[in-house]
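Asks: Dropping a structure here in structure tokens format, bear with me for questions.
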Amino acid sequence: LFAELYYRFSQSEDNDISSIFKTDKLAKGKGAIKTYAASLWAKSKIRNVDKYLSLADKKLVKALQISDPLIELANKVNSAFLNMQTEMTQINAEIDEIIPRFNDLEMEVNGGSFIPDANGTLRFTYGYIKGYEPKDGVVASPYTTVKGIIEKAERTDNPDYYLEPEYLDKLMKIEPADVLRSPVNNAVVVGLLYNMDTTGGNSGSPIMDSKGRLIGVNFDRAYTATINDYAWNESYSRSIGVDIRYVLYVMKYFGEADTVLAEMGVEL
């Protein structure tokens, strides 16, 4: 995990971040960079977390003075992120200053008032599971499935879709319980698209059907739906959730959380 994260940070478009991870190995490709990162980890004195924490409890000053490449790396990363945080605080302060005027102009253009931001209050929105066409020639289905996870892992080099061979092999061999399969396509549905009007802060909200049954958990918006912060549009406002059957699927076959499932009254 450390080697993979090291590589990804070395590829960051933010020069303040990537420069921390750049070495003469960078020009030699992903494999060389990950090998270098793995060697840093292997040589580290703090790799034994329990031993280091024990030392920190007894002799904090000594623990902080240990010369270690991982501690040096952590200090550089922490410094870079603190600088970024300072910049974001300044930017957000500028945005907060103009938002009231923006809201006044929006009401003026729309000819009236509108639903206020619901931060800190109970939110409720409704809609339908529905795909869309974000741009010409591109059709986004309202569902994704476990089959799609396997296809992406096998057919692309995109690190976002990478799966360790053991997990990929397990996915391909699992015969899920019938109750976890969709009657529409006989597959385990993973992701859902729907036209509900969500915004920042809705992640983790339950998705219920018309009978009040939990069918999923909201966690994001499609890129085109970031406009939801200002206005909802039927054509491109789509939110994304995980199907509750896939949550149970992961709990059962990967988390091996049979005790938790039993406590929930779920039989698979």
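Chain identifiers are assigned as A, B, and so on, following the order in which chains appear in the structure tokens; residues are numbered from 1 within each chain, and ligands are numbered from 1 in order of appearance.
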How would you write, as a PDB file with C-alpha atoms, in the first residue's frame, the set of residues in stretch 116-174 of chain A that DSSP gives as alpha helix (DSSP H)?
Replies:
ATOM      1  CA  VAL A 146     -19.944  -6.874 -10.204  1.00  0.00           C
ATOM      2  CA  LYS A 147     -19.322  -8.026 -13.774  1.00  0.00           C
ATOM      3  CA  GLY A 148     -18.259  -4.465 -14.573  1.00  0.00           C
ATOM      4  CA  ILE A 149     -15.765  -4.453 -11.690  1.00  0.00           C
ATOM      5  CA  ILE A 150     -14.141  -7.568 -13.131  1.00  0.00           C
ATOM      6  CA  GLU A 151     -14.089  -6.189 -16.685  1.00  0.00           C
ATOM      7  CA  LYS A 152     -12.488  -2.913 -15.619  1.00  0.00           C
ATOM      8  CA  ALA A 153      -9.858  -4.693 -13.530  1.00  0.00           C
ATOM      9  CA  GLU A 154      -8.934  -6.991 -16.418  1.00  0.00           C
ATOM     10  CA  ARG A 155      -9.086  -4.587 -19.355  1.00  0.00           C
ATOM     11  CA  PRO A 165      -5.173 -10.973  -8.089  1.00  0.00           C
ATOM     12  CA  GLU A 166      -6.530 -12.832  -5.062  1.00  0.00           C
ATOM     13  CA  TYR A 167      -9.563 -10.520  -4.847  1.00  0.00           C
ATOM     14  CA  LEU A 168     -10.172 -10.601  -8.578  1.00  0.00           C
ATOM     15  CA  ASP A 169     -10.027 -14.388  -8.545  1.00  0.00           C
ATOM     16  CA  LYS A 170     -12.433 -14.503  -5.611  1.00  0.00           C
ATOM     17  CA  LEU A 171     -14.888 -12.166  -7.346  1.00  0.00           C
ATOM     18  CA  MET A 172     -14.957 -14.430 -10.374  1.00  0.00           C
ATOM     19  CA  LYS A 173     -15.661 -17.539  -8.295  1.00  0.00           C
TER      20      LYS A 173
END
Asks: Which residues are close to A:Arg238, i.e. within 10 Å by only C-alpha atoms, leaving aside same-chain residues fewer than 5 positions away? Reply as a PyMOL selection string.
Replies: chain A and resi 127-132+134+142+192-198+220-226+228+232-233
Asks: Env of stretch 61-74 of chain A: 7 Å cut, atoms = only C-alpha atoms, seq-sep filter 3 positions within chain, self excluded. Answer as a PyMOL selection string.
Replies: chain A and resi 40+44-45+55-56+77-78
Asks: Which of stretch 26-265 of chain A counts as strand (DSSP E) under DSSP, as JSON, numbers by chain please?
Replies: {"A": [132, 133, 134, 135, 138, 139, 140, 143, 144, 145, 189, 190, 191, 192, 193, 194, 206, 207, 208, 214, 215, 216, 217, 218, 219, 220, 221, 239, 240, 241, 242, 243]}
Asks: Go ahead and save the picked residues with C-alpha atoms, as a PDB file, in the first residue's frame.
Replies:
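Final output, out28.pdb:
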ATOM      1  CA  TYR A 132     -28.514   9.837 -18.675  1.00  0.00           C
ATOM      2  CA  GLU A 133     -26.402  11.021 -21.595  1.00  0.00           C
ATOM      3  CA  PRO A 134     -23.718  13.360 -20.192  1.00  0.00           C
ATOM      4  CA  LYS A 135     -22.410  14.162 -23.677  1.00  0.00           C
ATOM      5  CA  VAL A 138     -22.078   8.640 -24.253  1.00  0.00           C
ATOM      6  CA  VAL A 139     -24.863   6.803 -22.438  1.00  0.00           C
ATOM      7  CA  ALA A 140     -24.590   6.168 -18.690  1.00  0.00           C
ATOM      8  CA  TYR A 143     -26.797   0.407 -12.955  1.00  0.00           C
ATOM      9  CA  THR A 144     -23.297  -1.003 -12.689  1.00  0.00           C
ATOM     10  CA  THR A 145     -22.622  -4.601 -11.652  1.00  0.00           C
ATOM     11  CA  VAL A 189     -25.891  -4.415  -8.768  1.00  0.00           C
ATOM     12  CA  VAL A 190     -23.081  -2.233  -7.408  1.00  0.00           C
ATOM     13  CA  GLY A 191     -23.780   1.402  -8.294  1.00  0.00           C
ATOM     14  CA  LEU A 192     -26.986   3.343  -8.892  1.00  0.00           C
ATOM     15  CA  LEU A 193     -27.659   6.564 -10.796  1.00  0.00           C
ATOM     16  CA  TYR A 194     -30.737   8.602  -9.904  1.00  0.00           C
ATOM     17  CA  PRO A 206     -30.068   6.305   3.039  1.00  0.00           C
ATOM     18  CA  ILE A 207     -31.856   5.734  -0.267  1.00  0.00           C
ATOM     19  CA  MET A 208     -35.345   4.326   0.208  1.00  0.00           C
ATOM     20  CA  LEU A 214     -33.590   0.725   2.319  1.00  0.00           C
ATOM     21  CA  ILE A 215     -32.201   0.082  -1.170  1.00  0.00           C
ATOM     22  CA  GLY A 216     -28.876   1.908  -1.084  1.00  0.00           C
ATOM     23  CA  VAL A 217     -26.582   4.566   0.351  1.00  0.00           C
ATOM     24  CA  ASN A 218     -25.876   7.883  -1.372  1.00  0.00           C
ATOM     25  CA  PHE A 219     -22.186   8.742  -1.663  1.00  0.00           C
ATOM     26  CA  ASP A 220     -21.491  11.096  -4.576  1.00  0.00           C
ATOM     27  CA  ARG A 221     -22.708  13.066  -7.558  1.00  0.00           C
ATOM     28  CA  SER A 239     -26.436  11.359  -7.954  1.00  0.00           C
ATOM     29  CA  ILE A 240     -24.607   8.104  -7.260  1.00  0.00           C
ATOM     30  CA  GLY A 241     -25.290   5.494  -4.610  1.00  0.00           C
ATOM     31  CA  VAL A 242     -24.202   1.993  -3.723  1.00  0.00           C
ATOM     32  CA  ASP A 243     -26.888  -0.700  -3.921  1.00  0.00           C
TER      33      ASP A 243
END
Asks: Using only C-alpha atoms, pick whichever of A:Ala187, A:Ile98, A:Phe9, A:Gly212 has the shortest atom-to-atom distance to A:Tyr126.
Replies: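 Of A:Ala187, A:Ile98, A:Phe9, A:Gly212, the one nearest A:Tyr126, counting only C-alpha atoms, is A:Gly212.
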Asks: Could you work out how far atom CA of A:Glu94 lies from atom CA of A:Val109, giving the answer in Å with one decimal?
Replies: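 For atom CA of A:Val109 relative to atom CA of A:Glu94, the distance reads 22.8 Å.
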Asks: Could you check which of A:Gly111, A:Gly265, A:Pro183, A:Pro159 is closest to A:Tyr7, using only C-alpha atoms?
Replies: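 Closest to A:Tyr7, using only C-alpha atoms: A:Pro159.
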Asks: Interatomic distance between atom CA of A:Phe81 and atom CA of A:Glu13?
Replies: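 Between atom CA of A:Phe81 and atom CA of A:Glu13 the gap works out to 14.3 Å.
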